[in-house]
Amino acid sequence: MKARRSEAALHAMKQAIQDVPRCASKHGTITIVDGDDPSGWTQYQLAPPAKLLKVLVQRSGCFNLVDRGSGLETASRERAIGGNLGLRRRANVGQGQIKAADYVLVAEVQSANRNASGNAVGGIVGGLVGGLLGGIKSRKLEANTVLSLTNVRTAETIAVQDGYAAKNDIGFGAGARFFGGAAGTVGGGYENTDIGRIVTLSFIQAYAKMVIELKLTEPGTKGAVGATGSTVFVAQAPVAMRTVPSATGKVIGTLSAGSVVYPTRRASGLWWEVADQSDRIGWVLSTKLAPGMDNASNSEEPFLPWPPPRPSSMGEVTRSFGRGALLGEYGAQIKALLARKGYTRLHYFGVRTPNGFGITTDIERLDAEGKPHAKRWTLKTPPPGGFLEYVDQLLRGDTGRFRVLLFIVSDQDPKPNAYLAKQVDLERWRDSGGVVLSGETSRRPAPSTLKVWMLVYEFVVTNSKSAELIADNDGAFPFSLHSRFLGFQ
Amino acid sequence: MNREKAVRHLFILWLVAACFATLCVCLQILGGRYGGDGQIALNWLLGQYTPVLSILLAAAFSEPSKKWREHPVNQWKFRWSVAISAFQIFLMISFIIFQPALNALGITAYSLFESTQAILLVLQSVAVAAIGSVIFDGR
């Protein structure tokens, strides 16, 4: 059983290296030194922790490592050879090449309490029983570590964080996720002893807290995973979505690898609040997420068909928006307006004109009066509410009405063609549009002749097969109804 | 049970089921469930019961010998015919009645018709063979 526990802990160790917070960009150079008091790690036959920290820092990608230990000694020897004995011509080792460290990270093990309870029965009694007792005793194993980060130029200690881990953190519980598999490459007792694993976990915790304190991994901040300005992220592995930012929170659902999520910009440590594609909102571990397709936010959006297909109704709404100097300002205004009306997911497109872009909303269900349906974003037939409703649906089918709004910002009149939009067009827009306006389009100057149009595509499902566009002369709601809903003048 | 009675029972079973299913689909078509594509639903339904009902109809209107009519039916063949008929009728009517529930799962009536066509055709072939074995046994 003990062997299985160790195996599980080691497995957790290897798995949890993925959970070390990661930065999208480096924040300078760093050197790692061991703390003043070596007794913290020597009493348990552990190697100095600098080597372990190097692996963590390298894993996180937040800093460039510079070697001031044996690596520097070796480098100095090489340089001495260059200075005293002379290197062959064109050897690229010379003066003024060593990079200075911007930061110093000091790693200390404060205490590594192997016998907090004073119970060492497991070590005395041999065999299976001893193993079991040893297992019970080892639950008391705990370690406190401290990391302090000092700015070399100012000599200011900019962050001090402590980490704590205990035996139960490397058991089968959820806490095991923090364990660093990289310790396998560290050696020095960090990999193959319980106390070594606990110290490793404690360091990972302290390092994670430090990176978070320095705001290196918060969504939307410089250097963070969200530093790309991404509004969409993709799950890199199956990840649980929870009601609270804690591993013990109730699971709302599990996001499969590749699932797209939208951070709400609320964060708590490594936990981010996100909305998934089914509009469920919950907390997930940010270490399992990577920037989504808008990571390439400077790339061009896909193009809308130009001229666009014939809508149910359309109108110019330029006066409802403030004049902007850049196209991006129009995009931001439209986005803000739509967000107020509950449209959280927009799809951005380029248009085949030099100055312009398009934004479409998601397919939205309307009620009989043209207002958003109670189950606005549920496109499938709402579940029947009773026997009579069921019979009604059985006989008459789903007769829902749906709407998609298309905003076109352009200095050219869109002049829709005679082609009637089809359900598949809306689905294509929904699936292919960019999630943000590209940087290139956003930065483009807005000409004074720029106008904003709103095109409304209303669909009705008259049978169970497919939705059909309602033409303006065939029962579509008037344009004024839609513009009133959005608060246009 | 003699052969004449057995065939009559099967005929009544299929006739009632066919009438009920047809009534349901006709009401759906009249109600507008299938829009202008009611033909698709009707084609699917007729394909389910027409071959079986035809063979039973032929048996009902034929005039077999008195000896054949009064001969006890092969119980195994009769039970097998009833079982396979009941199963096919159950599926056929279920696919009509539970459409709204399946719709909630994202399965439209048309995709249901398309995806069930093959399996129901196989079942129908088995049902026709089973009923045929009752009808033509000893003739």
# chains A, B, ... in the order shown; residues from 1 in each chain; ligands from 1
call {"tool": "interface_residues", "arguments": {"of": "chain B", "to": "chain A", "cutoff": "12 Å", "atoms": "only C-alpha atoms", "output": "PyMOL selection string"}}
result
chain B and resi 23-38+40-41+94-114
call {"tool": "residues_around", "arguments": {"residues": "Tyr330 of chain A", "least_positions_apart": "2", "cutoff": "10 Å", "atoms": "only C-alpha atoms", "output": "PyMOL selection string"}}
result
chain A and resi 318+321-328+332-336+356-357+409+442+446+450-452
call {"tool": "closest_residue", "arguments": {"among": "B:Gln117, B:Ser65, B:Ser54, B:Asn74", "to": "Phe11 of chain B", "atoms": "only C-alpha atoms"}}
result
B:Ser54
call {"tool": "atom_distance", "arguments": {"atom1": "atom CA of Val274 of chain A", "atom2": "atom CA of Ser246 of chain A"}}
result
14.0 Å
call {"tool": "select_by_dssp", "arguments": {"residues": "segment 222-353 of chain A", "states": "strand (DSSP E or B)", "output": "PyMOL selection string"}}
result
chain A and resi 233-235+239-242+251-255+260-268+271-276+281-285+289-291+303+310+313-316+326+346-350
call {"tool": "closest_residue", "arguments": {"among": "A:Phe402, A:Ala275, A:Leu486, A:Gln412", "to": "Gly342 of chain A", "atoms": "only C-alpha atoms"}}
result
A:Leu486
call {"tool": "closest_residue", "arguments": {"among": "A:Arg280, A:His373, A:Arg310, A:Arg22", "to": "Tyr207 of chain A", "atoms": "only C-alpha atoms"}}
result
A:Arg22
call {"tool": "residues_around", "arguments": {"residues": "segment 33-40 of chain A", "least_positions_apart": "2", "cutoff": "6 Å", "atoms": "only C-alpha atoms", "output": "PDB file with N, CA and C atoms, in the first residue's frame"}}
result
ATOM      1  N   THR A  42      19.643  20.296   5.020  1.00  0.00           N
ATOM      2  CA  THR A  42      20.656  19.263   5.241  1.00  0.00           C
ATOM      3  C   THR A  42      20.216  18.226   6.263  1.00  0.00           C
ATOM      4  N   GLN A  43      19.370  18.633   7.225  1.00  0.00           N
ATOM      5  CA  GLN A  43      18.971  17.671   8.248  1.00  0.00           C
ATOM      6  C   GLN A  43      18.164  16.512   7.647  1.00  0.00           C
ATOM      7  N   ALA A  50      18.264  25.508  -4.544  1.00  0.00           N
ATOM      8  CA  ALA A  50      18.410  26.371  -5.726  1.00  0.00           C
ATOM      9  C   ALA A  50      18.170  25.595  -7.023  1.00  0.00           C
ATOM     10  N   VAL A 106      15.891  34.234  -3.297  1.00  0.00           N
ATOM     11  CA  VAL A 106      16.504  33.502  -2.194  1.00  0.00           C
ATOM     12  C   VAL A 106      15.511  32.444  -1.709  1.00  0.00           C
ATOM     13  N   ALA A 107      15.990  31.225  -1.670  1.00  0.00           N
ATOM     14  CA  ALA A 107      15.119  30.111  -1.286  1.00  0.00           C
ATOM     15  C   ALA A 107      15.544  29.576   0.072  1.00  0.00           C
ATOM     16  N   GLU A 108      14.609  29.553   0.996  1.00  0.00           N
ATOM     17  CA  GLU A 108      14.912  29.057   2.338  1.00  0.00           C
ATOM     18  C   GLU A 108      13.901  28.000   2.755  1.00  0.00           C
ATOM     19  N   VAL A 109      14.405  27.001   3.427  1.00  0.00           N
ATOM     20  CA  VAL A 109      13.517  26.009   4.031  1.00  0.00           C
ATOM     21  C   VAL A 109      13.480  26.340   5.511  1.00  0.00           C
ATOM     22  N   GLN A 110      12.330  26.811   5.979  1.00  0.00           N
ATOM     23  CA  GLN A 110      12.250  27.235   7.386  1.00  0.00           C
ATOM     24  C   GLN A 110      12.218  26.061   8.332  1.00  0.00           C
ATOM     25  N   SER A 111      11.362  25.160   8.051  1.00  0.00           N
ATOM     26  CA  SER A 111      11.310  23.973   8.891  1.00  0.00           C
ATOM     27  C   SER A 111      10.769  22.843   8.051  1.00  0.00           C
TER      28      SER A 111
END
call {"tool": "residues_around", "arguments": {"residues": "Ile93 of chain B", "least_positions_apart": "2", "cutoff": "12 Å", "atoms": "only C-alpha atoms", "output": "ChimeraX atom specification"}}
result
/B:14,16-25,44-45,48-49,86-91,95-99,120
call {"tool": "atom_distance", "arguments": {"atom1": "atom CA of Arg365 of chain A", "atom2": "atom CA of Trp377 of chain A"}}
result
6.2 Å
call {"tool": "residues_around", "arguments": {"residues": "Gln75 of chain B", "least_positions_apart": "4", "cutoff": "10 Å", "atoms": "only C-alpha atoms", "output": "PyMOL selection string"}}
result
chain B and resi 1-3+6+79-81+134
call {"tool": "closest_residue", "arguments": {"among": "B:Arg8, B:Val126, B:Ser115, B:Asp137", "to": "Ala60 of chain B", "atoms": "only C-alpha atoms"}}
result
B:Arg8
call {"tool": "select_by_dssp", "arguments": {"residues": "chain B", "states": "helix (DSSP H, G or I)", "output": "ChimeraX atom specification"}}
result
/B:3-31,38-61,66-70,75-97,99-104,109-135
call {"tool": "atom_distance", "arguments": {"atom1": "atom CA of Asn151 of chain A", "atom2": "atom CA of Ile32 of chain A"}}
result
12.3 Å
call {"tool": "residues_around", "arguments": {"residues": "Val7 of chain B", "least_positions_apart": "3", "cutoff": "10 Å", "atoms": "only C-alpha atoms", "output": "CSV table (one decimal) with N, CA and C atoms, in the first residue's frame"}}
result
chain,number,residue,atom,x,y,z
B,2,ASN,N,-56.2,-21.7,-34.5
B,2,ASN,CA,-56.0,-22.2,-35.9
B,2,ASN,C,-55.4,-21.1,-36.7
B,3,ARG,N,-55.0,-21.5,-37.9
B,3,ARG,CA,-54.2,-20.6,-38.8
B,3,ARG,C,-55.0,-19.3,-39.2
B,4,GLU,N,-56.3,-19.6,-39.4
B,4,GLU,CA,-57.2,-18.4,-39.9
B,4,GLU,C,-57.3,-17.4,-38.8
B,10,LEU,N,-53.1,-11.0,-36.5
B,10,LEU,CA,-51.9,-10.2,-37.0
B,10,LEU,C,-52.4,-9.1,-37.8
B,11,PHE,N,-53.5,-9.4,-38.6
B,11,PHE,CA,-54.0,-8.3,-39.5
B,11,PHE,C,-54.6,-7.2,-38.7
B,12,ILE,N,-55.3,-7.5,-37.7
B,12,ILE,CA,-56.0,-6.5,-36.8
B,12,ILE,C,-54.9,-5.7,-36.1
B,13,LEU,N,-53.9,-6.4,-35.6
B,13,LEU,CA,-52.8,-5.7,-34.9
B,13,LEU,C,-52.1,-4.6,-35.9
B,56,LEU,N,-50.7,-9.1,-45.4
B,56,LEU,CA,-51.7,-9.6,-44.5
B,56,LEU,C,-53.1,-9.4,-45.2
B,57,LEU,N,-53.2,-8.3,-45.9
B,57,LEU,CA,-54.4,-8.0,-46.6
B,57,LEU,C,-54.7,-9.1,-47.7
B,59,ALA,N,-53.6,-12.1,-47.6
B,59,ALA,CA,-54.0,-13.3,-46.9
B,59,ALA,C,-55.5,-13.3,-46.4
B,60,ALA,N,-55.9,-12.1,-46.0
B,60,ALA,CA,-57.2,-12.0,-45.4
B,60,ALA,C,-58.3,-12.2,-46.5
B,69,ARG,N,-57.3,-23.7,-43.0
B,69,ARG,CA,-57.9,-22.7,-42.0
B,69,ARG,C,-58.0,-23.3,-40.7
B,73,VAL,N,-52.1,-23.4,-35.8
B,73,VAL,CA,-51.0,-22.7,-36.2
B,73,VAL,C,-49.7,-23.1,-35.5
B,78,PHE,N,-46.0,-18.2,-34.9
B,78,PHE,CA,-47.0,-17.2,-34.6
B,78,PHE,C,-46.4,-16.2,-33.5
B,131,ILE,N,-44.3,-13.1,-40.7
B,131,ILE,CA,-45.7,-13.2,-41.0
B,131,ILE,C,-46.0,-14.1,-42.2
B,132,GLY,N,-45.1,-14.0,-43.2
B,132,GLY,CA,-45.2,-14.8,-44.4
B,132,GLY,C,-45.1,-16.3,-44.0
B,134,VAL,N,-46.2,-17.6,-41.4
B,134,VAL,CA,-47.5,-18.0,-40.8
B,134,VAL,C,-48.5,-18.2,-41.9
B,135,ILE,N,-48.5,-17.2,-42.8
B,135,ILE,CA,-49.5,-17.2,-43.9
B,135,ILE,C,-49.3,-18.4,-44.9
call {"tool": "decode", "arguments": {"residues": "segment 353-425 of chain A", "atoms": "C-alpha atoms", "output": "PDB file, in the first residue's frame"}}
result
ATOM      1  CA  THR A 353     -14.087  47.724 -48.404  1.00  0.00           C
ATOM      2  CA  PRO A 354     -10.929  49.548 -47.338  1.00  0.00           C
ATOM      3  CA  ASN A 355     -12.480  51.028 -44.217  1.00  0.00           C
ATOM      4  CA  GLY A 356     -14.869  48.894 -42.329  1.00  0.00           C
ATOM      5  CA  PHE A 357     -15.741  45.791 -40.428  1.00  0.00           C
ATOM      6  CA  GLY A 358     -18.779  43.804 -39.396  1.00  0.00           C
ATOM      7  CA  ILE A 359     -20.050  42.445 -36.098  1.00  0.00           C
ATOM      8  CA  THR A 360     -22.700  39.764 -35.754  1.00  0.00           C
ATOM      9  CA  THR A 361     -24.502  38.621 -32.650  1.00  0.00           C
ATOM     10  CA  ASP A 362     -25.259  35.039 -31.716  1.00  0.00           C
ATOM     11  CA  ILE A 363     -28.489  33.473 -32.910  1.00  0.00           C
ATOM     12  CA  GLU A 364     -31.132  34.626 -30.450  1.00  0.00           C
ATOM     13  CA  ARG A 365     -34.630  33.309 -29.852  1.00  0.00           C
ATOM     14  CA  LEU A 366     -37.464  35.845 -29.849  1.00  0.00           C
ATOM     15  CA  ASP A 367     -40.894  35.609 -28.351  1.00  0.00           C
ATOM     16  CA  ALA A 368     -44.117  36.259 -30.237  1.00  0.00           C
ATOM     17  CA  GLU A 369     -43.831  39.999 -29.628  1.00  0.00           C
ATOM     18  CA  GLY A 370     -40.303  40.297 -30.931  1.00  0.00           C
ATOM     19  CA  LYS A 371     -38.689  40.598 -27.507  1.00  0.00           C
ATOM     20  CA  PRO A 372     -35.916  38.277 -26.359  1.00  0.00           C
ATOM     21  CA  HIS A 373     -37.413  34.932 -25.380  1.00  0.00           C
ATOM     22  CA  ALA A 374     -37.127  33.720 -21.795  1.00  0.00           C
ATOM     23  CA  LYS A 375     -34.853  31.024 -23.194  1.00  0.00           C
ATOM     24  CA  ARG A 376     -33.120  33.504 -25.412  1.00  0.00           C
ATOM     25  CA  TRP A 377     -29.992  31.531 -26.217  1.00  0.00           C
ATOM     26  CA  THR A 378     -31.592  28.101 -26.266  1.00  0.00           C
ATOM     27  CA  LEU A 379     -31.906  27.244 -29.901  1.00  0.00           C
ATOM     28  CA  LYS A 380     -33.305  23.790 -29.398  1.00  0.00           C
ATOM     29  CA  THR A 381     -36.993  23.348 -28.789  1.00  0.00           C
ATOM     30  CA  PRO A 382     -37.685  24.350 -25.196  1.00  0.00           C
ATOM     31  CA  PRO A 383     -38.744  21.339 -23.164  1.00  0.00           C
ATOM     32  CA  PRO A 384     -42.519  21.047 -23.038  1.00  0.00           C
ATOM     33  CA  GLY A 385     -44.068  22.467 -19.915  1.00  0.00           C
ATOM     34  CA  GLY A 386     -46.996  20.088 -19.701  1.00  0.00           C
ATOM     35  CA  PHE A 387     -49.110  17.553 -21.500  1.00  0.00           C
ATOM     36  CA  LEU A 388     -51.032  20.077 -23.574  1.00  0.00           C
ATOM     37  CA  GLU A 389     -47.875  21.907 -24.582  1.00  0.00           C
ATOM     38  CA  TYR A 390     -46.333  18.595 -25.511  1.00  0.00           C
ATOM     39  CA  VAL A 391     -49.292  17.704 -27.689  1.00  0.00           C
ATOM     40  CA  ASP A 392     -49.165  21.186 -29.201  1.00  0.00           C
ATOM     41  CA  GLN A 393     -45.508  20.686 -30.097  1.00  0.00           C
ATOM     42  CA  LEU A 394     -46.224  17.200 -31.355  1.00  0.00           C
ATOM     43  CA  LEU A 395     -48.803  18.532 -33.764  1.00  0.00           C
ATOM     44  CA  ARG A 396     -47.562  21.995 -34.629  1.00  0.00           C
ATOM     45  CA  GLY A 397     -43.845  21.616 -34.091  1.00  0.00           C
ATOM     46  CA  ASP A 398     -41.366  24.237 -33.010  1.00  0.00           C
ATOM     47  CA  THR A 399     -42.449  27.534 -34.430  1.00  0.00           C
ATOM     48  CA  GLY A 400     -39.773  29.685 -32.856  1.00  0.00           C
ATOM     49  CA  ARG A 401     -38.511  32.961 -34.196  1.00  0.00           C
ATOM     50  CA  PHE A 402     -34.827  33.743 -34.204  1.00  0.00           C
ATOM     51  CA  ARG A 403     -32.767  36.832 -34.828  1.00  0.00           C
ATOM     52  CA  VAL A 404     -29.222  37.751 -35.694  1.00  0.00           C
ATOM     53  CA  LEU A 405     -28.050  41.348 -35.759  1.00  0.00           C
ATOM     54  CA  LEU A 406     -25.322  42.368 -38.146  1.00  0.00           C
ATOM     55  CA  PHE A 407     -23.597  45.693 -37.657  1.00  0.00           C
ATOM     56  CA  ILE A 408     -21.622  47.010 -40.573  1.00  0.00           C
ATOM     57  CA  VAL A 409     -19.262  49.899 -40.017  1.00  0.00           C
ATOM     58  CA  SER A 410     -18.103  51.154 -43.385  1.00  0.00           C
ATOM     59  CA  ASP A 411     -17.736  54.200 -45.551  1.00  0.00           C
ATOM     60  CA  GLN A 412     -19.636  52.359 -48.259  1.00  0.00           C
ATOM     61  CA  ASP A 413     -23.313  51.530 -48.309  1.00  0.00           C
ATOM     62  CA  PRO A 414     -23.641  47.750 -47.850  1.00  0.00           C
ATOM     63  CA  LYS A 415     -26.489  47.514 -50.436  1.00  0.00           C
ATOM     64  CA  PRO A 416     -27.519  43.932 -49.695  1.00  0.00           C
ATOM     65  CA  ASN A 417     -28.053  41.701 -52.689  1.00  0.00           C
ATOM     66  CA  ALA A 418     -31.149  39.704 -53.551  1.00  0.00           C
ATOM     67  CA  TYR A 419     -29.820  36.498 -52.042  1.00  0.00           C
ATOM     68  CA  LEU A 420     -31.885  35.568 -49.012  1.00  0.00           C
ATOM     69  CA  ALA A 421     -29.744  34.610 -46.038  1.00  0.00           C
ATOM     70  CA  LYS A 422     -30.083  30.998 -45.020  1.00  0.00           C
ATOM     71  CA  GLN A 423     -29.819  29.336 -41.659  1.00  0.00           C
ATOM     72  CA  VAL A 424     -26.458  27.918 -42.683  1.00  0.00           C
ATOM     73  CA  ASP A 425     -25.139  31.460 -43.277  1.00  0.00           C
TER      74      ASP A 425
END
